[in-house]
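Quick notes on the structure that follows.
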Amino acid sequence: MANRQTIADPTGFAPPSRSALIAPAMVVTIDGPAGAGKSSAARELARRLGFRFLDTGSMYRAVTLAALERGVDLTDTAALEGVAEEVEISLDDDRVLLDGRDVTKAIRTLEITTATRYAADCPRVRAQLVDHQRRLADGVDVVTEGRDQSTVVFPDAECKIFLTASEEVRAERRFIDLVQRGEHVTRTDVLEKQRVRDQGDSTRAVGKLYKAEDAIEVSTDGLSREEVVDRLLEIVEERRRTTAN
């Protein structure tokens with residue numbers, strides 16, 4: 001396995017020591033802002049590589065859904081921590097299971113998307129889910145996507161990618177996705193909520209979004225999904241060749 005570089009998280013959520021990290025066969029991290037196409041690209045990349053796909057954002061969404069269903073005040077951090085401790089979240093291929101129930105579609109609504117920031121901002125919830133993510137990657141090749149995968153969860157990953165796109169492109173993609181899911185939203189509403197989320201993602205105290213120094217940035221503007229995955233596959237294969245030498 002290649003030598004790895006550990007990146008300290010300037011937000012204060014310090015990565016574990018090398019001895020504490022679980023070392024899978026190969027980790028490919030894909031971070032980036034909301035709407036950049038991370039989930040679809042990472043899922044297809046994992047399929048092509050034969051790797052496990054880890055959608056970390058869905059885990060925070062699942063905790064949020066569980067909290068709302070229980071009538072929990074999302075600003076009550078202790079209550080949120082309790083929910084995260086109680087629920088069982090499983091990632092089964094393209095499905096997200098919450099206590100054995102398929103919530104794949106339920107966690108993708110605009111309501112859940114907007115409210116997920118409370119779980120994402122809760123240090124102990126993040127600590128629990130980060131630990132869970134590392135365990136899911138124990139001993140297997142994995143493609144993982146989120147906001148802090150290369151900087152906090154897997155700072156020693158062999159291949160780090162920062163996927164991004166312009167604000168307008170990201171909002172349009174999100175709008176189309178929500179409409180196709182049957183939600184009644186406007187482009188303006190989606191754009192405004194995206195700006196709020198971007199601001200929160202880049203300034204939150206723990207797990208904030210920023211590009212790791214050793215991550216390769218890829219813009220998806222003007223590229224089809226297939227072209228994006230082709231580019232990501234090239235990057236992974238190049239890293240494989242480099243680390244093999």
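Chains: A, B, ... in order of the structure tokens. Residues: from 1 per chain. Ligands: from 1, in order shown.
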Residues of stretch 189-225 of chain A that have any atom at most 8 Å from an atom of stretch 138-155 of chain A: could you tabulate them with the shortest-distance atom pair and the distance in Å to one decimal, using only C-alpha atoms, ordered by chain and increasing number, as CSV?
residue,atom,partner,partner_atom,distance
A:Gly207,CA,A:Asp148,CA,5.5
A:Lys208,CA,A:Asp148,CA,6.7
A:Leu209,CA,A:Arg147,CA,5.3
A:Tyr210,CA,A:Asp148,CA,7.7
A:Lys211,CA,A:Thr151,CA,7.9
A:Ala212,CA,A:Thr151,CA,5.9
A:Ala215,CA,A:Ser150,CA,7.7
Restricted to C-alpha atoms, what would the selected residues look like written as an mmCIF file, in the first residue's frame?
data_model
loop_
_atom_site.group_PDB
_atom_site.id
_atom_site.type_symbol
_atom_site.label_atom_id
_atom_site.label_comp_id
_atom_site.auth_asym_id
_atom_site.auth_seq_id
_atom_site.Cartn_x
_atom_site.Cartn_y
_atom_site.Cartn_z
ATOM 1 C CA GLY A 207 -16.837 18.413 8.788
ATOM 2 C CA LYS A 208 -16.939 21.547 6.694
ATOM 3 C CA LEU A 209 -16.485 21.367 2.941
ATOM 4 C CA TYR A 210 -13.075 22.233 1.566
ATOM 5 C CA LYS A 211 -10.768 20.746 -1.028
ATOM 6 C CA ALA A 212 -7.963 18.583 0.321
ATOM 7 C CA ALA A 215 -7.328 16.079 -4.156
#
Given only C-alpha atoms as the counted atoms, nearest of A:Thr114, A:Gln133, A:Ser58, A:Thr220 to A:Leu97 =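 Among the listed residues, A:Ser58 lies closest to A:Leu97.
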Proximity of stretch 152-245 of chain A to stretch 44-57 of chain A: per-residue shortest pair, 12 Å limit, only C-alpha atoms, as a Markdown table:
| residue | atom | partner | partner_atom | distance |
| --- | --- | --- | --- | --- |
| A:Val153 | CA | A:Thr56 | CA | 10.1 |
| A:Gly207 | CA | A:Gly57 | CA | 11.9 |
| A:Arg225 | CA | A:Glu44 | CA | 9.1 |
| A:Glu226 | CA | A:Glu44 | CA | 8.8 |
| A:Glu227 | CA | A:Leu45 | CA | 11.2 |
| A:Val228 | CA | A:Leu45 | CA | 9.4 |
| A:Val229 | CA | A:Leu45 | CA | 5.9 |
| A:Asp230 | CA | A:Leu45 | CA | 8.3 |
| A:Arg231 | CA | A:Leu45 | CA | 9.8 |
| A:Leu232 | CA | A:Leu45 | CA | 7.3 |
| A:Leu233 | CA | A:Leu45 | CA | 6.7 |
| A:Glu234 | CA | A:Leu45 | CA | 10.5 |
| A:Ile235 | CA | A:Leu45 | CA | 11.0 |
| A:Val236 | CA | A:Leu49 | CA | 9.2 |
| A:Glu237 | CA | A:Leu49 | CA | 9.6 |
| A:Arg240 | CA | A:Leu49 | CA | 11.7 |
task = Could you pull out the residues in stretch 14-233 of chain A that DSSP calls helix (DSSP H, G or I) from the backbone, as an NGL selection string?
result = :A and (18-20 or 38-49 or 56-69 or 77-86 or 106-108 or 110-120 or 123-136 or 149-153 or 167-180 or 187-203 or 225-233)
task = With a distance cut-off of 10 Å and only C-alpha atoms, select the neighbouring residues of A:Pro33, excluding the residue or stretch itself and same-chain residues fewer than 4 positions from it, and output the selection as a list in words.
result = Gly37, Lys38, Gly146, Arg147, Phe162, Leu163, Thr164, Ala165, Ser166, Glu167, Arg170, Gln194, Arg197, Asp198, Asp201, Ser202, Leu209 and Tyr210 of chain A
Write to file, as a tab-separated table (two decimals), in the first residue's frame, the residues of the selection just made, with all heavy atoms.
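File again_21.tsv, as written:
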chain	number	residue	atom	x	y	z
A	37	GLY	N	-23.18	16.31	-8.59
A	37	GLY	CA	-23.33	15.01	-9.23
A	37	GLY	C	-22.51	13.92	-8.57
A	37	GLY	O	-22.22	12.89	-9.19
A	38	LYS	N	-22.15	14.12	-7.29
A	38	LYS	CA	-21.27	13.17	-6.60
A	38	LYS	C	-21.89	11.78	-6.49
A	38	LYS	O	-21.23	10.79	-6.79
A	38	LYS	CB	-20.95	13.68	-5.20
A	38	LYS	CG	-20.23	15.01	-5.13
A	38	LYS	CD	-19.78	15.32	-3.72
A	38	LYS	CE	-20.92	15.38	-2.72
A	38	LYS	NZ	-21.87	16.48	-2.99
A	146	GLY	N	-19.10	12.39	-0.25
A	146	GLY	CA	-19.70	13.21	0.78
A	146	GLY	C	-19.11	14.61	0.78
A	146	GLY	O	-18.86	15.18	-0.28
A	147	ARG	N	-18.87	15.12	1.97
A	147	ARG	CA	-18.32	16.47	2.08
A	147	ARG	C	-16.95	16.46	2.74
A	147	ARG	O	-16.13	17.35	2.52
A	147	ARG	CB	-19.29	17.34	2.88
A	147	ARG	CG	-18.92	18.80	2.94
A	147	ARG	CD	-19.98	19.61	3.67
A	147	ARG	NE	-20.20	19.12	5.03
A	147	ARG	CZ	-21.38	18.71	5.47
A	147	ARG	NH1	-22.43	18.72	4.68
A	147	ARG	NH2	-21.51	18.28	6.72
A	162	PHE	N	-12.18	15.98	-5.93
A	162	PHE	CA	-13.10	17.05	-5.53
A	162	PHE	C	-13.95	17.39	-6.74
A	162	PHE	O	-13.47	17.98	-7.71
A	162	PHE	CB	-12.33	18.28	-5.05
A	162	PHE	CG	-13.20	19.32	-4.39
A	162	PHE	CD1	-13.53	19.20	-3.05
A	162	PHE	CD2	-13.68	20.41	-5.10
A	162	PHE	CE1	-14.33	20.16	-2.43
A	162	PHE	CE2	-14.48	21.36	-4.50
A	162	PHE	CZ	-14.81	21.24	-3.15
A	163	LEU	N	-15.22	16.96	-6.70
A	163	LEU	CA	-16.13	17.14	-7.83
A	163	LEU	C	-16.95	18.41	-7.63
A	163	LEU	O	-17.57	18.59	-6.58
A	163	LEU	CB	-17.06	15.93	-7.93
A	163	LEU	CG	-17.68	15.62	-9.29
A	163	LEU	CD1	-16.60	15.25	-10.29
A	163	LEU	CD2	-18.69	14.49	-9.16
A	164	THR	N	-16.96	19.27	-8.62
A	164	THR	CA	-17.66	20.53	-8.47
A	164	THR	C	-18.38	20.92	-9.76
A	164	THR	O	-18.25	20.24	-10.79
A	164	THR	CB	-16.69	21.65	-8.05
A	164	THR	OG1	-17.42	22.84	-7.73
A	164	THR	CG2	-15.69	21.95	-9.17
A	165	ALA	N	-19.16	21.99	-9.70
A	165	ALA	CA	-19.89	22.53	-10.86
A	165	ALA	C	-20.33	23.93	-10.49
A	165	ALA	O	-20.33	24.31	-9.31
A	165	ALA	CB	-21.09	21.65	-11.20
A	166	SER	N	-20.71	24.70	-11.49
A	166	SER	CA	-21.16	26.07	-11.23
A	166	SER	C	-22.46	26.06	-10.44
A	166	SER	O	-23.21	25.07	-10.44
A	166	SER	CB	-21.36	26.82	-12.55
A	166	SER	OG	-22.42	26.24	-13.29
A	167	GLU	N	-22.74	27.15	-9.76
A	167	GLU	CA	-23.95	27.26	-8.94
A	167	GLU	C	-25.21	27.02	-9.74
A	167	GLU	O	-26.13	26.31	-9.31
A	167	GLU	CB	-23.98	28.65	-8.31
A	167	GLU	CG	-25.18	28.90	-7.41
A	167	GLU	CD	-25.20	30.31	-6.86
A	167	GLU	OE1	-25.53	31.23	-7.65
A	167	GLU	OE2	-24.89	30.50	-5.68
A	170	ARG	N	-25.61	23.31	-10.82
A	170	ARG	CA	-25.98	22.46	-9.68
A	170	ARG	C	-27.44	22.64	-9.30
A	170	ARG	O	-28.15	21.66	-9.02
A	170	ARG	CB	-25.07	22.78	-8.48
A	170	ARG	CG	-23.64	22.36	-8.70
A	170	ARG	CD	-22.80	22.47	-7.43
A	170	ARG	NE	-22.55	23.84	-7.04
A	170	ARG	CZ	-22.93	24.38	-5.88
A	170	ARG	NH1	-23.60	23.66	-5.01
A	170	ARG	NH2	-22.64	25.62	-5.59
A	194	GLN	N	-30.07	26.11	-1.97
A	194	GLN	CA	-28.72	25.63	-2.26
A	194	GLN	C	-27.69	26.63	-1.73
A	194	GLN	O	-26.65	26.23	-1.18
A	194	GLN	CB	-28.54	25.45	-3.77
A	194	GLN	CG	-27.12	25.03	-4.16
A	194	GLN	CD	-26.97	24.85	-5.65
A	194	GLN	OE1	-27.30	23.80	-6.18
A	194	GLN	NE2	-26.50	25.89	-6.34
A	197	ARG	N	-27.38	26.23	1.91
A	197	ARG	CA	-26.64	25.01	2.22
A	197	ARG	C	-25.15	25.18	1.93
A	197	ARG	O	-24.30	24.73	2.71
A	197	ARG	CB	-27.19	23.84	1.41
A	197	ARG	CG	-26.52	22.52	1.74
A	197	ARG	CD	-27.15	21.36	1.00
A	197	ARG	NE	-26.47	20.11	1.30
A	197	ARG	CZ	-26.79	18.95	0.75
A	197	ARG	NH1	-27.78	18.87	-0.12
A	197	ARG	NH2	-26.11	17.86	1.06
A	198	ASP	N	-24.81	25.81	0.82
A	198	ASP	CA	-23.41	26.05	0.48
A	198	ASP	C	-22.72	26.85	1.58
A	198	ASP	O	-21.58	26.55	1.98
A	198	ASP	CB	-23.28	26.80	-0.85
A	198	ASP	CG	-23.54	25.91	-2.05
A	198	ASP	OD1	-23.61	24.68	-1.88
A	198	ASP	OD2	-23.67	26.46	-3.17
A	201	ASP	N	-22.28	24.61	4.58
A	201	ASP	CA	-21.29	23.56	4.34
A	201	ASP	C	-19.86	24.09	4.44
A	201	ASP	O	-18.96	23.37	4.86
A	201	ASP	CB	-21.50	22.94	2.95
A	201	ASP	CG	-22.70	22.02	2.91
A	201	ASP	OD1	-23.26	21.71	3.98
A	201	ASP	OD2	-23.08	21.60	1.79
A	202	SER	N	-19.66	25.33	4.04
A	202	SER	CA	-18.31	25.88	4.00
A	202	SER	C	-17.88	26.57	5.29
A	202	SER	O	-16.72	26.94	5.44
A	202	SER	CB	-18.17	26.87	2.83
A	202	SER	OG	-19.07	27.96	3.01
A	209	LEU	N	-16.93	21.68	4.30
A	209	LEU	CA	-16.49	21.37	2.94
A	209	LEU	C	-15.29	22.22	2.55
A	209	LEU	O	-15.34	23.44	2.60
A	209	LEU	CB	-17.63	21.61	1.96
A	209	LEU	CG	-17.28	21.48	0.47
A	209	LEU	CD1	-16.95	20.02	0.13
A	209	LEU	CD2	-18.42	21.97	-0.41
A	210	TYR	N	-14.20	21.55	2.18
A	210	TYR	CA	-13.08	22.23	1.57
A	210	TYR	C	-12.27	21.19	0.81
A	210	TYR	O	-12.34	20.00	1.10
A	210	TYR	CB	-12.21	22.97	2.60
A	210	TYR	CG	-11.42	22.09	3.53
A	210	TYR	CD1	-10.07	21.84	3.32
A	210	TYR	CD2	-12.01	21.53	4.66
A	210	TYR	CE1	-9.33	21.04	4.18
A	210	TYR	CE2	-11.29	20.74	5.53
A	210	TYR	CZ	-9.95	20.50	5.29
A	210	TYR	OH	-9.24	19.70	6.15
